[in-house]
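S.K.: Take a look at this one; I'll ask things after.
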Amino acid sequence: MTCLLCDKSLDDQPTWQHFLGIQEDTSACPTCLVKFERIDQVIEDDRLDSVHSLYAYNEAAREYLHQFKFMQDVALAQIFSPSLRSVLNDSKKIVVPIPMHPINKRKRTFSQVDALLEAAKIPYQSLLEKTTESVMGEKSRSERLAMTELFRVTADIDSNEAIYVLVDDIYTTGTTLRHAAEALKQRGVHRVEAVTLFRPMREK
Ligand SMILES: [Zn+2]
């Protein structure tokens with residue numbers, strides 16, 4: 001087996017998991033993994049009861065997302081499987097991936113968030129559908145606020161009492177997650193949390 005990020009052989013180097021005595025799928029070498037800065041930042045947001053971001057959006061993260069999203073290297077989904085499993089292992093919570101717009105999905109051939117969850121073998125429910133193209137950067141603030149909904153709930157909500165956990169690759173302005181949370185709350189869901197792989201950190 002070779003490291004998915006640098007192609008070096010994984011056989012001749014000890015992995016963190018081996019150190020800890022845990023049998024985990026080893027898909028990247030320690031030298032590559034150490035470049036990702038684990039932050040585990042948990043914040044509260046306007047419409048979200050909590051947002052847990054796992055890693056800083058640093059240079060390694062940028063390269064990773066570029067390779068994963070735009071070069072369509074679906075194998076890269078495995079790299080974060082152990083970390084995602086560790087925070088999404090609560091069977092009482094319902095995991096809901098942030099979907100991509102159908103047009104983008106056709107262009108990119110796979111949904112990155114679904115791929116991350118599938119690689120980690122985390123059960124999820126695709127309850128949301130995007131309703132508008134996300135070209136937020138090209139709109140003024142008032143135009144953005146006037147856009148009423150970005151997501152539609154496409155299936156029945158089984159339990160209002162369950163905790164729903166939105167999953168996305170990156171938390172930047174939070175607009176996407178807030179709109180998704182709002183769509184679920186309008187259908188009677190009481191508590192919506194979120195987990196994102198990356199979050200940009202302010203320069204110190
Ligand atoms: Zn490597």
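By order of appearance in the structure tokens: chains A, B, ..., then residues from 1 within every chain, and ligands from 1 in the order shown.
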Can you pull out the residues contacting stretch 32-40 of chain A? Cut-off 8 Å, using only C-alpha atoms, and skip same-chain residues under 2 positions away; I want them as a ChimeraX atom specification.

M.R.: /A:5-6,28-30,42,52-56,58,60-61

S.K.: Hey, can you check how far atom CA of A:Leu166 sits from atom CA of A:Ser111?

M.R.: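 Computed distance, atom CA of A:Leu166 to atom CA of A:Ser111, equals 14.4 Å.
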
S.K.: Find the residues near stretch 175-191 of chain A: any atom within 7 Å, counting only C-alpha atoms, skip ones fewer than 6 places away on the same chain, and give them as a short mmCIF file (atom, residue, chain, number, x, y, z; two decimals) with N, CA, C and O atoms, in the first residue's frame.

M.R.:
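Wrote selection-v4.cif, looks like this:
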```cif
data_model
loop_
_atom_site.label_atom_id
_atom_site.label_comp_id
_atom_site.auth_asym_id
_atom_site.auth_seq_id
_atom_site.Cartn_x
_atom_site.Cartn_y
_atom_site.Cartn_z
N ARG A 47 -28.21 29.88 13.54
CA ARG A 47 -29.26 28.87 13.37
C ARG A 47 -28.80 27.47 13.74
O ARG A 47 -29.54 26.51 13.61
N LEU A 48 -27.53 27.36 14.14
CA LEU A 48 -26.96 26.04 14.40
C LEU A 48 -26.64 25.91 15.89
O LEU A 48 -26.05 26.81 16.47
N ASP A 49 -27.03 24.79 16.46
CA ASP A 49 -26.81 24.61 17.89
C ASP A 49 -25.34 24.36 18.21
O ASP A 49 -24.89 24.68 19.29
N GLU A 149 -34.45 30.67 0.23
CA GLU A 149 -33.93 29.38 0.65
C GLU A 149 -32.98 28.78 -0.36
O GLU A 149 -33.15 28.91 -1.55
N LEU A 150 -31.97 28.15 0.15
CA LEU A 150 -30.99 27.48 -0.67
C LEU A 150 -31.23 25.98 -0.69
O LEU A 150 -30.71 25.27 -1.52
N PHE A 151 -32.03 25.52 0.26
CA PHE A 151 -32.24 24.08 0.39
C PHE A 151 -33.72 23.77 0.57
O PHE A 151 -34.47 24.55 1.11
N ARG A 152 -34.09 22.60 0.08
CA ARG A 152 -35.44 22.09 0.25
C ARG A 152 -35.30 20.73 0.93
O ARG A 152 -34.39 19.97 0.62
N VAL A 153 -36.20 20.47 1.88
CA VAL A 153 -36.20 19.16 2.52
C VAL A 153 -36.99 18.22 1.63
O VAL A 153 -38.14 18.50 1.29
N ASN A 160 -38.81 14.63 15.09
CA ASN A 160 -38.42 16.01 15.42
C ASN A 160 -37.46 16.06 16.58
O ASN A 160 -36.70 16.99 16.74
N GLU A 161 -37.53 15.03 17.43
CA GLU A 161 -36.76 15.03 18.67
C GLU A 161 -35.30 14.62 18.44
O GLU A 161 -34.44 14.90 19.26
N ILE A 163 -31.48 14.49 17.03
CA ILE A 163 -30.52 15.54 16.70
C ILE A 163 -30.03 15.30 15.28
O ILE A 163 -29.61 14.19 14.94
N TYR A 164 -30.13 16.31 14.46
CA TYR A 164 -29.68 16.21 13.08
C TYR A 164 -28.30 16.85 12.97
O TYR A 164 -28.08 17.93 13.51
#
```

S.K.: Excluding A:Met1 and residues on its chain fewer than 2 positions from it, collect all residues at most 7 Å away from it, counting only C-alpha atoms, and give them as a compact mmCIF listing (two decimals) with C-alpha atoms, in the first residue's frame.

M.R.:
```txt
# COMPACT_ATOMS: atom_id res chain seq x y z
CA CYS A 3 0.23 6.83 0.89
CA SER A 9 5.10 3.01 0.63
CA LEU A 10 3.20 2.66 3.89
CA ASP A 11 4.67 -0.74 4.71
```

S.K.: Write out as a ChimeraX atom specification all residues of stretch 36-127 of chain A that DSSP puts in helix (DSSP H, G or I) for this structure's backbone.

M.R.: /A:59-70,74-87,102-108,112-119

S.K.: Taking only C-alpha atoms and all ligand atoms into account, name the residue in A:Ile79, A:Ala155, A:Ala120, A:Met201 that is nearest to ligand 1.

M.R.: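 Smallest distance to ligand 1 is found for A:Ile79.
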
S.K.: I'd like the contact shell of A:Asp169 - 8 Å cut-off, only C-alpha atoms, skipping same-chain residues fewer than 3 positions apart - returned as a list in words.

M.R.: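 In the requested form, the answer reads Gln112, Val113, Thr196, Leu197 and Phe198 of chain A.
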
S.K.: So that I can see what lies close to A:Gln78, please list as a VMD selection string the residues with an atom at most 8 Å from it, counting only C-alpha atoms and leaving out residues fewer than 2 positions away in the same chain.

M.R.: chain A and resid 27 75 to 76 80 to 81 116 119 to 120

S.K.: Could the residues in this selection be saved with C-alpha atoms as an mmCIF file, in the first residue's frame?

M.R.:
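That gives us again_7.cif:
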```cif
data_model
loop_
_atom_site.group_PDB
_atom_site.id
_atom_site.type_symbol
_atom_site.label_atom_id
_atom_site.label_comp_id
_atom_site.auth_asym_id
_atom_site.auth_seq_id
_atom_site.Cartn_x
_atom_site.Cartn_y
_atom_site.Cartn_z
ATOM 1 C CA SER A 27 -4.395 5.471 3.833
ATOM 2 C CA ALA A 75 -9.938 7.507 -3.058
ATOM 3 C CA LEU A 76 -8.879 10.540 -1.010
ATOM 4 C CA PHE A 80 -10.381 11.406 7.112
ATOM 5 C CA SER A 81 -12.535 8.342 7.766
ATOM 6 C CA LEU A 116 -16.467 11.124 2.804
ATOM 7 C CA ALA A 119 -15.647 5.895 2.929
ATOM 8 C CA ALA A 120 -16.066 6.173 6.707
#
```

S.K.: When you draw a straight line from atom CA of A:Pro99 to atom CA of A:Thr131, how long is it in Å?

M.R.: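 Taking atom CA of A:Pro99 as the start and atom CA of A:Thr131 as the end point, the length is 10.3 Å.
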
S.K.: Could you check the closest approach to ligand 1 for each of A:Val95, A:Leu4, A:Leu117, A:Leu88 and tell me which residue wins, using only C-alpha atoms and all ligand atoms?

M.R.: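 Among A:Val95, A:Leu4, A:Leu117, A:Leu88, it is A:Leu4 that comes nearest to ligand 1.
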